[in-house]
>>> print(open('entry-v3.csv').read())   # CSV, C-alpha atoms
chain,number,residue,atom,x,y,z
A,205,MET,CA,80.8,-51.0,-15.4
A,206,ASN,CA,78.1,-53.5,-16.1
A,207,PHE,CA,74.4,-53.5,-16.1
A,208,PHE,CA,74.0,-54.9,-12.5
A,209,GLY,CA,76.6,-52.5,-11.3
A,210,LEU,CA,74.0,-49.8,-11.3
A,211,PHE,CA,72.1,-51.4,-8.4
A,212,ARG,CA,75.1,-52.4,-6.4
A,213,LYS,CA,75.9,-51.0,-3.0
A,214,PRO,CA,78.6,-48.2,-3.0
A,215,ALA,CA,82.2,-49.6,-3.0
A,216,SER,CA,83.6,-50.1,0.5
A,217,ALA,CA,87.3,-50.2,-0.2
A,218,PRO,CA,87.7,-46.4,-0.4
A,219,VAL,CA,86.1,-46.1,3.0
A,220,ALA,CA,88.5,-48.7,4.5
A,221,ARG,CA,91.4,-46.8,3.0
A,222,GLU,CA,90.4,-43.5,4.5
A,223,ARG,CA,89.7,-44.9,7.9
A,224,LEU,CA,93.1,-46.6,8.0
A,225,GLN,CA,95.0,-43.5,6.9
A,226,ILE,CA,93.5,-41.4,9.7
A,227,LEU,CA,93.8,-44.1,12.3
A,228,LEU,CA,97.5,-44.9,11.5
A,229,ALA,CA,98.5,-41.3,11.4
A,230,HIS,CA,97.3,-41.1,14.9
A,231,GLU,CA,98.7,-44.4,16.1
A,232,ARG,CA,102.1,-43.8,14.7
A,233,THR,CA,102.6,-40.8,16.9
A,234,LEU,CA,101.5,-42.7,19.9
A,235,THR,CA,103.8,-45.7,19.4
A,236,GLY,CA,106.7,-43.4,18.5
A,237,ARG,CA,107.5,-44.9,15.1
A,238,PRO,CA,110.0,-42.7,13.5
A,239,ASP,CA,108.3,-40.9,10.7
A,240,LEU,CA,109.9,-38.2,8.5
A,241,ILE,CA,109.5,-35.5,11.0
A,242,ALA,CA,111.0,-37.6,13.8
A,243,LEU,CA,113.8,-38.7,11.6
A,244,LEU,CA,114.7,-35.1,10.5
A,245,HIS,CA,114.7,-34.0,14.2
A,246,ASP,CA,117.2,-36.8,15.1
A,247,GLU,CA,119.5,-36.1,12.2
A,248,ILE,CA,119.6,-32.4,12.7
A,249,VAL,CA,120.5,-32.8,16.4
A,250,THR,CA,123.1,-35.5,15.5
A,251,ALA,CA,124.7,-33.3,12.9
A,252,ILE,CA,125.0,-30.3,15.2
A,253,SER,CA,126.2,-32.3,18.2
A,254,ARG,CA,129.0,-33.6,16.0
A,255,HIS,CA,130.5,-30.1,16.2
A,256,VAL,CA,129.2,-28.7,19.5
A,257,THR,CA,128.4,-30.3,22.8
A,258,LEU,CA,124.7,-29.8,23.2
A,259,ASP,CA,122.8,-29.6,26.4
A,260,PRO,CA,119.7,-31.7,25.9
A,261,ASP,CA,117.7,-29.0,27.8
A,262,ALA,CA,118.8,-26.4,25.3
A,263,ILE,CA,117.0,-28.1,22.4
A,264,LYS,CA,113.4,-27.1,21.8
A,265,VAL,CA,111.4,-29.0,19.2
A,266,THR,CA,107.9,-28.3,18.0
A,267,THR,CA,106.1,-30.2,15.4
A,268,ASN,CA,102.9,-29.4,13.8
A,269,ARG,CA,101.1,-32.0,11.8
A,270,GLY,CA,98.5,-30.8,9.2
A,271,LYS,CA,96.6,-32.7,6.7
A,272,THR,CA,98.8,-31.7,3.7
A,273,LEU,CA,101.6,-29.9,5.5
A,274,SER,CA,103.7,-30.7,8.6
A,275,THR,CA,106.3,-28.4,10.1
A,276,LEU,CA,109.3,-29.1,12.3
A,277,LYS,CA,110.9,-26.3,14.3
A,278,VAL,CA,114.1,-27.0,16.0
A,279,ASP,CA,115.6,-24.4,18.4
A,280,ILE,CA,119.1,-25.1,19.6
A,281,GLU,CA,121.2,-22.9,21.8
A,282,ILE,CA,124.8,-23.1,20.9
A,283,PRO,CA,127.1,-22.4,23.9
A,284,HIS,CA,130.1,-20.5,22.5
A,285,LEU,CA,130.8,-20.3,18.8
A,286,GLY,CA,134.6,-20.2,19.3
A,287,LYS,CA,134.5,-23.9,20.1
A,288,ILE,CA,132.8,-25.0,16.8
A,289,SER,CA,135.9,-24.7,14.6
A,290,ALA,CA,138.1,-26.3,17.3
A,291,VAL,CA,135.8,-29.4,17.4
A,292,ALA,CA,135.2,-29.5,13.7
A,293,ALA,CA,139.0,-29.5,13.1
A,294,GLU,CA,139.5,-32.7,15.0
B,1318,MET,CA,126.6,-66.2,4.9
B,1319,ALA,CA,123.3,-67.4,6.5
B,1320,LYS,CA,120.3,-65.2,6.2
B,1321,VAL,CA,117.7,-65.1,8.9
B,1322,ILE,CA,114.1,-64.3,7.9
B,1323,VAL,CA,111.2,-63.6,10.2
B,1324,VAL,CA,107.7,-64.2,8.8
B,1325,THR,CA,105.5,-61.9,10.8
B,1326,SER,CA,102.2,-60.0,10.7
B,1327,GLY,CA,100.7,-59.1,14.1
B,1328,LYS,CA,97.3,-60.4,13.2
B,1329,GLY,CA,96.6,-64.2,13.3
B,1330,GLY,CA,95.2,-66.2,10.4
B,1331,VAL,CA,96.7,-64.1,7.6
B,1332,GLY,CA,99.0,-66.9,6.3
B,1333,LYS,CA,102.3,-66.7,8.3
B,1334,THR,CA,102.7,-70.4,8.8
B,1335,THR,CA,101.7,-71.2,5.2
B,1336,THR,CA,104.2,-68.5,4.0
B,1337,THR,CA,107.0,-69.8,6.2
B,1338,ALA,CA,106.5,-73.4,4.9
B,1339,THR,CA,106.1,-72.4,1.3
B,1340,LEU,CA,109.0,-69.9,1.0
B,1341,GLY,CA,111.1,-72.4,2.8
B,1342,ALA,CA,110.2,-75.1,0.3
B,1343,ALA,CA,110.6,-72.8,-2.7
B,1344,LEU,CA,114.1,-71.8,-1.5
B,1345,ALA,CA,115.0,-75.4,-0.8
B,1346,GLN,CA,113.7,-76.5,-4.2
B,1347,THR,CA,116.5,-74.4,-5.7
B,1348,GLY,CA,119.1,-76.5,-3.8
B,1349,GLN,CA,119.8,-74.1,-0.9
B,1350,ASN,CA,119.9,-75.4,2.6
B,1351,VAL,CA,116.9,-74.2,4.5
B,1352,ALA,CA,115.7,-74.5,8.1
B,1353,VAL,CA,112.2,-73.4,9.0
B,1354,VAL,CA,111.7,-72.7,12.8
B,1355,ASP,CA,108.4,-72.6,14.6
B,1356,PHE,CA,108.3,-70.0,17.3
B,1357,ASP,CA,104.6,-70.5,18.1
B,1358,VAL,CA,105.2,-72.3,21.4
B,1359,GLY,CA,102.0,-74.0,22.6
B,1360,LEU,CA,100.2,-73.6,19.3
B,1361,ARG,CA,102.6,-75.1,16.8
B,1362,ASN,CA,101.3,-75.7,13.3
B,1363,LEU,CA,104.3,-75.5,11.0
B,1364,ASP,CA,104.8,-79.3,11.5
B,1365,LEU,CA,101.3,-79.8,10.0
B,1366,MET,CA,102.0,-77.5,7.0
B,1367,MET,CA,105.2,-79.5,6.3
B,1368,GLY,CA,103.5,-82.8,6.8
B,1369,ALA,CA,105.9,-83.7,9.6
B,1370,GLU,CA,103.5,-83.8,12.6
B,1371,ARG,CA,104.1,-87.5,13.2
B,1372,ARG,CA,107.9,-87.2,13.2
B,1373,VAL,CA,108.3,-84.6,16.0
B,1374,VAL,CA,110.4,-86.0,18.8
B,1375,TYR,CA,112.3,-83.1,20.2
B,1376,ASP,CA,111.6,-79.4,19.8
B,1377,LEU,CA,113.0,-75.9,20.1
B,1378,ILE,CA,112.4,-75.8,23.8
B,1379,ASN,CA,114.3,-79.1,24.3
B,1380,VAL,CA,117.2,-77.6,22.5
B,1381,ILE,CA,117.0,-74.4,24.5
B,1382,ASN,CA,116.9,-76.1,27.9
B,1383,GLY,CA,119.6,-78.6,26.9
B,1384,SER,CA,117.5,-81.8,27.0
B,1385,ALA,CA,118.2,-82.4,23.3
B,1386,LYS,CA,120.9,-81.4,20.8
B,1387,LEU,CA,120.0,-79.4,17.7
B,1388,PRO,CA,120.6,-82.3,15.2
B,1389,GLN,CA,118.2,-84.5,17.2
B,1390,ALA,CA,115.4,-81.9,17.0
B,1391,LEU,CA,115.8,-81.0,13.3
B,1392,ILE,CA,113.5,-82.9,11.0
B,1393,ARG,CA,114.7,-83.4,7.5
B,1394,ASP,CA,111.9,-83.2,4.9
B,1395,LYS,CA,111.1,-86.6,3.3
B,1396,ARG,CA,110.7,-85.1,-0.2
B,1397,LEU,CA,113.4,-82.4,-0.2
B,1398,GLU,CA,116.7,-83.2,1.5
B,1399,THR,CA,117.7,-79.5,1.6
B,1400,LEU,CA,114.6,-78.6,3.8
B,1401,HIS,CA,114.6,-78.9,7.6
B,1402,LEU,CA,112.1,-78.2,10.3
B,1403,LEU,CA,112.7,-77.2,13.9
B,1404,PRO,CA,109.3,-77.6,15.6
B,1405,ALA,CA,107.9,-75.7,18.5
B,1406,SER,CA,106.8,-77.3,21.7
B,1407,GLN,CA,103.1,-78.1,22.0
B,1408,THR,CA,103.1,-78.7,25.7
B,1409,ARG,CA,105.4,-76.1,27.2
B,1410,ASP,CA,104.4,-72.5,27.8
B,1411,LYS,CA,106.0,-69.5,26.1
B,1412,SER,CA,108.1,-68.6,29.2
B,1413,ALA,CA,110.4,-71.5,28.3
B,1414,LEU,CA,111.7,-69.4,25.3
B,1415,THR,CA,114.7,-67.5,26.7
B,1416,GLU,CA,116.5,-64.7,25.0
B,1417,LYS,CA,119.9,-66.3,25.6
B,1418,GLY,CA,118.7,-69.8,24.5
B,1419,VAL,CA,117.2,-68.4,21.3
B,1420,ALA,CA,120.4,-66.6,20.5
B,1421,ARG,CA,122.4,-69.8,21.0
B,1422,VAL,CA,120.1,-71.9,18.8
B,1423,MET,CA,120.1,-69.2,16.1
B,1424,LYS,CA,123.8,-69.1,16.1
B,1425,GLU,CA,124.1,-72.8,15.7
B,1426,LEU,CA,121.5,-72.8,12.9
B,1427,GLU,CA,123.5,-70.1,11.1
B,1428,GLU,CA,126.5,-72.3,10.9
B,1429,GLN,CA,124.6,-75.1,9.0
B,1430,PHE,CA,122.1,-73.4,6.8
B,1431,ASP,CA,121.9,-70.8,4.0
B,1432,TRP,CA,118.4,-69.7,5.1
B,1433,ILE,CA,116.7,-69.7,8.5
B,1434,ILE,CA,113.0,-68.8,8.3
B,1435,CYS,CA,111.3,-68.1,11.6
B,1436,ASP,CA,107.6,-68.4,11.9
B,1437,SER,CA,106.4,-65.8,14.3
B,1438,PRO,CA,103.4,-66.3,16.6
B,1439,ALA,CA,100.5,-63.8,16.2
B,1440,GLY,CA,100.5,-60.9,18.6
B,1441,ILE,CA,103.2,-58.4,19.7
B,1442,GLU,CA,104.4,-60.2,22.8
B,1443,ARG,CA,107.5,-62.2,23.9
B,1444,GLY,CA,107.2,-65.0,21.3
B,1445,ALA,CA,106.8,-62.5,18.4
B,1446,ILE,CA,109.7,-60.4,19.6
B,1447,LEU,CA,112.0,-63.4,20.0
B,1448,ALA,CA,111.1,-64.6,16.6
B,1449,MET,CA,112.1,-61.3,15.0
B,1450,ARG,CA,115.0,-60.7,17.3
B,1451,HIS,CA,117.8,-62.1,15.1
B,1452,ALA,CA,116.3,-61.5,11.7
B,1453,ASP,CA,118.2,-59.8,8.8
B,1454,ILE,CA,115.0,-59.8,6.7
B,1455,ALA,CA,111.4,-59.5,7.7
B,1456,VAL,CA,108.5,-60.7,5.5
B,1457,ILE,CA,105.4,-59.0,6.6
B,1458,VAL,CA,102.3,-61.0,5.6
B,1459,THR,CA,99.2,-58.8,5.1
B,1460,ASN,CA,95.7,-59.5,3.9
B,1461,PRO,CA,94.1,-56.6,2.0
B,1462,GLU,CA,91.8,-56.0,4.9
B,1463,ILE,CA,91.6,-53.2,7.4
B,1464,SER,CA,92.6,-55.0,10.7
B,1465,SER,CA,95.4,-56.8,9.1
B,1466,VAL,CA,96.9,-53.6,7.6
B,1467,ARG,CA,96.7,-51.9,11.0
B,1468,ASP,CA,98.4,-54.7,12.8
B,1469,SER,CA,101.1,-54.9,10.1
B,1470,ASP,CA,101.8,-51.2,10.7
B,1471,ARG,CA,102.3,-51.9,14.4
B,1472,ILE,CA,104.7,-54.8,13.6
B,1473,ILE,CA,106.7,-52.7,11.2
B,1474,GLY,CA,107.2,-50.2,14.1
B,1475,MET,CA,108.4,-53.1,16.3
B,1476,LEU,CA,110.8,-54.4,13.7
B,1477,ASP,CA,112.4,-50.9,13.7
B,1478,ALA,CA,112.8,-50.9,17.4
B,1479,LYS,CA,113.1,-54.4,18.9
B,1480,THR,CA,115.3,-56.3,16.6
B,1481,GLN,CA,119.0,-56.8,17.2
B,1482,LYS,CA,119.8,-55.2,13.9
B,1483,ALA,CA,117.8,-52.1,14.7
B,1484,GLU,CA,119.4,-51.9,18.2
B,1485,ASP,CA,122.9,-52.0,16.6
B,1486,GLY,CA,121.9,-49.0,14.5
B,1487,GLY,CA,121.3,-51.0,11.3
B,1488,ASP,CA,118.2,-51.4,9.2
B,1489,ILE,CA,116.3,-54.6,9.0
B,1490,GLU,CA,115.3,-55.4,5.4
B,1491,LYS,CA,111.5,-55.4,5.2
B,1492,HIS,CA,109.3,-56.9,2.5
B,1493,LEU,CA,105.5,-57.0,2.2
B,1494,LEU,CA,103.8,-60.1,1.1
B,1495,ILE,CA,100.1,-59.7,0.4
B,1496,SER,CA,98.2,-62.9,0.7
B,1497,ARG,CA,94.6,-63.9,0.1
B,1498,TYR,CA,94.2,-61.3,-2.6
B,1499,ASP,CA,91.0,-61.6,-4.6
B,1500,PRO,CA,91.4,-59.7,-7.9
B,1501,ALA,CA,87.7,-59.8,-8.7
B,1502,ARG,CA,86.7,-58.2,-5.4
B,1503,SER,CA,89.5,-55.7,-5.7
B,1504,ALA,CA,88.4,-54.8,-9.2
B,1505,ARG,CA,84.9,-54.1,-7.8
B,1506,ASN,CA,86.4,-51.8,-5.2
B,1507,GLU,CA,85.2,-54.1,-2.4
B,1508,MET,CA,88.7,-54.9,-1.2
B,1509,LEU,CA,91.7,-52.6,-0.5
B,1510,SER,CA,93.9,-52.6,-3.6
B,1511,ILE,CA,97.6,-53.5,-3.7
B,1512,ASP,CA,98.4,-49.8,-4.2
B,1513,ASP,CA,96.2,-48.9,-1.2
B,1514,VAL,CA,98.1,-51.3,1.1
B,1515,LEU,CA,101.5,-50.2,-0.3
B,1516,ASP,CA,100.7,-46.5,0.1
B,1517,ILE,CA,99.6,-47.0,3.7
B,1518,LEU,CA,102.5,-49.2,4.8
B,1519,SER,CA,105.3,-48.0,2.6
B,1520,VAL,CA,107.2,-51.2,2.6
B,1521,PRO,CA,108.3,-52.7,-0.7
B,1522,LEU,CA,106.3,-55.5,-2.2
B,1523,ILE,CA,107.8,-59.0,-2.5
B,1524,GLY,CA,104.8,-60.8,-3.8
B,1525,VAL,CA,101.0,-61.1,-4.1
B,1526,ILE,CA,99.5,-64.5,-3.4
B,1527,PRO,CA,96.0,-64.9,-4.9
B,1528,GLU,CA,93.3,-66.4,-2.8
B,1529,SER,CA,93.3,-70.0,-4.0
B,1530,GLU,CA,91.8,-73.4,-3.1
B,1531,GLU,CA,95.3,-74.8,-4.0
B,1532,VAL,CA,96.6,-73.2,-0.8
B,1533,LEU,CA,94.0,-75.0,1.3
B,1534,ARG,CA,94.6,-78.2,-0.6
B,1535,ALA,CA,98.3,-77.9,0.1
B,1536,SER,CA,97.7,-77.6,3.9
B,1537,ASN,CA,95.3,-80.5,3.8
B,1538,LEU,CA,98.1,-82.6,2.2
B,1539,GLY,CA,100.8,-81.3,4.4
B,1540,SER,CA,102.8,-80.3,1.3
B,1541,PRO,CA,103.7,-76.7,0.6
B,1542,VAL,CA,101.9,-75.6,-2.7
B,1543,THR,CA,105.3,-75.1,-4.5
B,1544,MET,CA,105.7,-78.9,-4.1
B,1545,SER,CA,102.0,-80.1,-4.3
B,1546,ASN,CA,101.2,-78.0,-7.4
B,1547,PRO,CA,104.2,-76.1,-8.7
B,1548,ASP,CA,102.3,-74.7,-11.7
B,1549,SER,CA,99.4,-73.2,-9.8
B,1550,ALA,CA,99.1,-69.4,-9.5
B,1551,PRO,CA,99.9,-69.3,-5.8
B,1552,ALA,CA,103.0,-71.6,-6.3
B,1553,ARG,CA,104.3,-69.3,-9.0
B,1554,ALA,CA,103.8,-66.3,-6.8
B,1555,TYR,CA,105.7,-67.9,-4.0
B,1556,PHE,CA,108.6,-69.0,-6.3
B,1557,ASP,CA,108.9,-65.5,-7.6
B,1558,ALA,CA,108.9,-64.1,-4.0
B,1559,ALA,CA,111.6,-66.6,-3.1
B,1560,ARG,CA,113.7,-65.5,-6.0
B,1561,ARG,CA,113.3,-61.8,-5.0
B,1562,LEU,CA,114.5,-62.7,-1.5
B,1563,THR,CA,117.7,-64.0,-3.0
B,1564,GLY,CA,118.2,-60.6,-4.7
B,1565,GLU,CA,117.0,-61.5,-8.1
B,1566,SER,CA,114.9,-59.0,-9.9
B,1567,VAL,CA,111.7,-60.6,-11.1
B,1568,PRO,CA,109.0,-58.6,-12.7
B,1569,MET,CA,106.0,-58.4,-10.3
B,1570,SER,CA,102.8,-60.0,-11.6
B,1571,ILE,CA,99.6,-59.0,-9.9
B,1572,PRO,CA,97.0,-61.6,-10.2
B,1573,GLU,CA,94.2,-60.5,-12.5
B,1574,GLU,CA,90.6,-61.3,-12.7
B,1575,ARG,CA,89.8,-63.9,-15.4
B,1576,ARG,CA,86.4,-63.3,-16.8
B,1577,ASN,CA,84.6,-64.4,-19.9
B,1578,LEU,CA,81.8,-62.5,-21.6
B,1579,PHE,CA,79.2,-64.0,-19.2
B,1580,GLY,CA,81.3,-62.8,-16.3
B,1581,LYS,CA,81.7,-59.3,-17.8
B,1582,LEU,CA,78.0,-59.0,-18.2
B,1583,PHE,CA,77.1,-60.2,-14.7
B,1584,GLY,CA,80.1,-59.0,-12.8
B,1585,ARG,CA,80.8,-62.4,-11.2
B,1586,ARG,CA,83.9,-64.5,-11.3
B,1587,ALA,CA,83.4,-67.1,-13.9
B,1588,ALA,CA,86.7,-69.0,-13.8
>>> encode(input="entry-v3.csv", output="C-alpha cells")
Amino acid sequence: MNFFGLFRKPASAPVARERLQILLAHERTLTGRPDLIALLHDEIVTAISRHVTLDPDAIKVTTNRGKTLSTLKVDIEIPHLGKISAVAAE
Amino acid sequence: MAKVIVVTSGKGGVGKTTTTATLGAALAQTGQNVAVVDFDVGLRNLDLMMGAERRVVYDLINVINGSAKLPQALIRDKRLETLHLLPASQTRDKSALTEKGVARVMKELEEQFDWIICDSPAGIERGAILAMRHADIAVIVTNPEISSVRDSDRIIGMLDAKTQKAEDGGDIEKHLLISRYDPARSARNEMLSIDDVLDILSVPLIGVIPESEEVLRASNLGSPVTMSNPDSAPARAYFDAARRLTGESVPMSIPEERRNLFGKLFGRRAA
C-alpha cells in the first residue's frame, strides 16, 4: 500500500478472474471437454463393461453442477448376474 | 527418440512464433539437433524471427507436394549449426497442407532431429489442428489476459481430442508458458496473477517470460533472445523452460518487480 494507492481505481484483476471462471465452466460443458464428472462417468462405465456386456440404452447418467458441489448419478441395469463371474474369470 | 512439440495458443499475438524460435534456439544451444517448422501458411513469420527471411527458397508446401526434397527446404542457422528452419509458404493457401503430406514430412524430420518444434497458426482451424496433430508435447503460450486465457482453454480441449496421441488413447504432455508478464502490474492487481491463470487452466507451468524490450529487440535483429542477449531476464526464462522440456527439474523463478524507495512511494516501476 502506498500513499497514492488510496486514490487508485479498484483492482481489475479479481473481476477478470471471476468472469473467466464463470465463462469457462459454461464453455467446457458445451465443447465437451472431459472434466472430472465426465471422466468418472467414462471410467465407471468402462469398469463395469469389463465384466458385463452393457446395453448403452440401459445406462442413465445425470449430472448436477453446483457452485461448490457437483453430483454424478449413474444408473446401470445389469442383465443377469450369473454372467458376471463367468466373464470376470476369463 | 525425436520429440515433437507444438507451440500453440488459440489467440494471435501472444508470442507463439517468438517462443518457437527461442525455445528452438535454447535447445540447439545445448548441442541438440533442432528443427523449427512454420505451419502458418500464408502468414509466415518464423523466418523473420530466425533472421532467415532472405534464405528461403523452398518451403513446407513444396516438400508436401513433392516439388522439393526436405533437405533442400531446410535452412541451417548461420550462427548455430544444430538449429534448422522449415519455413511455411507465403504464397500458397492453407488447403495445400494435407494430412498425409504433413504426416510424411514429420516422419522424415523425426529421423534426423532430436526436437521438432511446430509453430501453430492462430485460430482453431485446419492449420492449427495439423500443427498439433503429431505432437508429443504441447507448449501453450498464454498472456495473463482474459481473452488469451479463454482461447488457451479452448486449445487445451482440442489437444485432448484432435491429436494423434489423444486418438490413440494416450495423453499429450501439456505445459503452460506465460509470456508478457508484467510483475508490477500483477502486484497492483491490475493483471491476472500466475496463480490465477494456473488455477483456471490447470496445466503445469513451464516458464514465465517477463514483458521485456529485449524480446522486441531480438525480433528486430532476427536473433532469438537466448542468442542476442543470453543474460537478459527473458533469455534466462527461456533457457530454464528449455531445460524443463528435457525433463530437468529447475526451480521456477517468477519475475519480480524491482523497485527502489522512490518506486515504493509512488507505486511506479522505477527500473
>>> interface_residues(input="entry-v3.csv", of="chain B", to="chain A", cutoff="12 Å", atoms="all atoms listed in the file", output="ChimeraX atom specification")
/B:1461-1479,1502-1519,1578-1585
>>> atom_distance(input="entry-v3.csv", atom1="CA of Gly1329 (chain B)", atom2="CA of Ala1439 (chain B)")
4.9 Å
>>> atom_distance(input="entry-v3.csv", atom1="CA of Asn1362 (chain B)", atom2="CA of Ala1552 (chain B)")
20.1 Å
>>> residues_near_point(input="entry-v3.csv", point="(110.9, -65.2, 18.4)", cutoff="9 Å", atoms="only C-alpha atoms", output="list in words")
Val1323, Asp1355, Phe1356, Asp1357, Leu1414, Glu1416, Val1419, Cys1435, Asp1436, Ser1437, Pro1438, Arg1443, Gly1444, Ala1445, Ile1446, Leu1447, Ala1448, Met1449, Arg1450 and His1451 of chain B
>>> atom_distance(input="entry-v3.csv", atom1="CA of Asp1488 (chain B)", atom2="CA of Met1423 (chain B)")
19.2 Å
>>> residues_around(input="entry-v3.csv", residues="region 1376-1388 of chain B", least_positions_apart="2", cutoff="10 Å", atoms="only C-alpha atoms", output="number ranges by chain")
B: 1354-1356, 1358, 1373-1374, 1390-1393, 1402-1422, 1425-1426
>>> write_last_selection(input="entry-v3.csv", atoms="C-alpha atoms", output="PDB file, in the coordinates of the input")
ATOM      1  CA  VAL B1354     111.700 -72.700  12.800  1.00  0.00           C
ATOM      2  CA  ASP B1355     108.400 -72.600  14.600  1.00  0.00           C
ATOM      3  CA  PHE B1356     108.300 -70.000  17.300  1.00  0.00           C
ATOM      4  CA  VAL B1358     105.200 -72.300  21.400  1.00  0.00           C
ATOM      5  CA  VAL B1373     108.300 -84.600  16.000  1.00  0.00           C
ATOM      6  CA  VAL B1374     110.400 -86.000  18.800  1.00  0.00           C
ATOM      7  CA  ALA B1390     115.400 -81.900  17.000  1.00  0.00           C
ATOM      8  CA  LEU B1391     115.800 -81.000  13.300  1.00  0.00           C
ATOM      9  CA  ILE B1392     113.500 -82.900  11.000  1.00  0.00           C
ATOM     10  CA  ARG B1393     114.700 -83.400   7.500  1.00  0.00           C
ATOM     11  CA  LEU B1402     112.100 -78.200  10.300  1.00  0.00           C
ATOM     12  CA  LEU B1403     112.700 -77.200  13.900  1.00  0.00           C
ATOM     13  CA  PRO B1404     109.300 -77.600  15.600  1.00  0.00           C
ATOM     14  CA  ALA B1405     107.900 -75.700  18.500  1.00  0.00           C
ATOM     15  CA  SER B1406     106.800 -77.300  21.700  1.00  0.00           C
ATOM     16  CA  GLN B1407     103.100 -78.100  22.000  1.00  0.00           C
ATOM     17  CA  THR B1408     103.100 -78.700  25.700  1.00  0.00           C
ATOM     18  CA  ARG B1409     105.400 -76.100  27.200  1.00  0.00           C
ATOM     19  CA  ASP B1410     104.400 -72.500  27.800  1.00  0.00           C
ATOM     20  CA  LYS B1411     106.000 -69.500  26.100  1.00  0.00           C
ATOM     21  CA  SER B1412     108.100 -68.600  29.200  1.00  0.00           C
ATOM     22  CA  ALA B1413     110.400 -71.500  28.300  1.00  0.00           C
ATOM     23  CA  LEU B1414     111.700 -69.400  25.300  1.00  0.00           C
ATOM     24  CA  THR B1415     114.700 -67.500  26.700  1.00  0.00           C
ATOM     25  CA  GLU B1416     116.500 -64.700  25.000  1.00  0.00           C
ATOM     26  CA  LYS B1417     119.900 -66.300  25.600  1.00  0.00           C
ATOM     27  CA  GLY B1418     118.700 -69.800  24.500  1.00  0.00           C
ATOM     28  CA  VAL B1419     117.200 -68.400  21.300  1.00  0.00           C
ATOM     29  CA  ALA B1420     120.400 -66.600  20.500  1.00  0.00           C
ATOM     30  CA  ARG B1421     122.400 -69.800  21.000  1.00  0.00           C
ATOM     31  CA  VAL B1422     120.100 -71.900  18.800  1.00  0.00           C
ATOM     32  CA  GLU B1425     124.100 -72.800  15.700  1.00  0.00           C
ATOM     33  CA  LEU B1426     121.500 -72.800  12.900  1.00  0.00           C
TER      34      LEU B1426
END
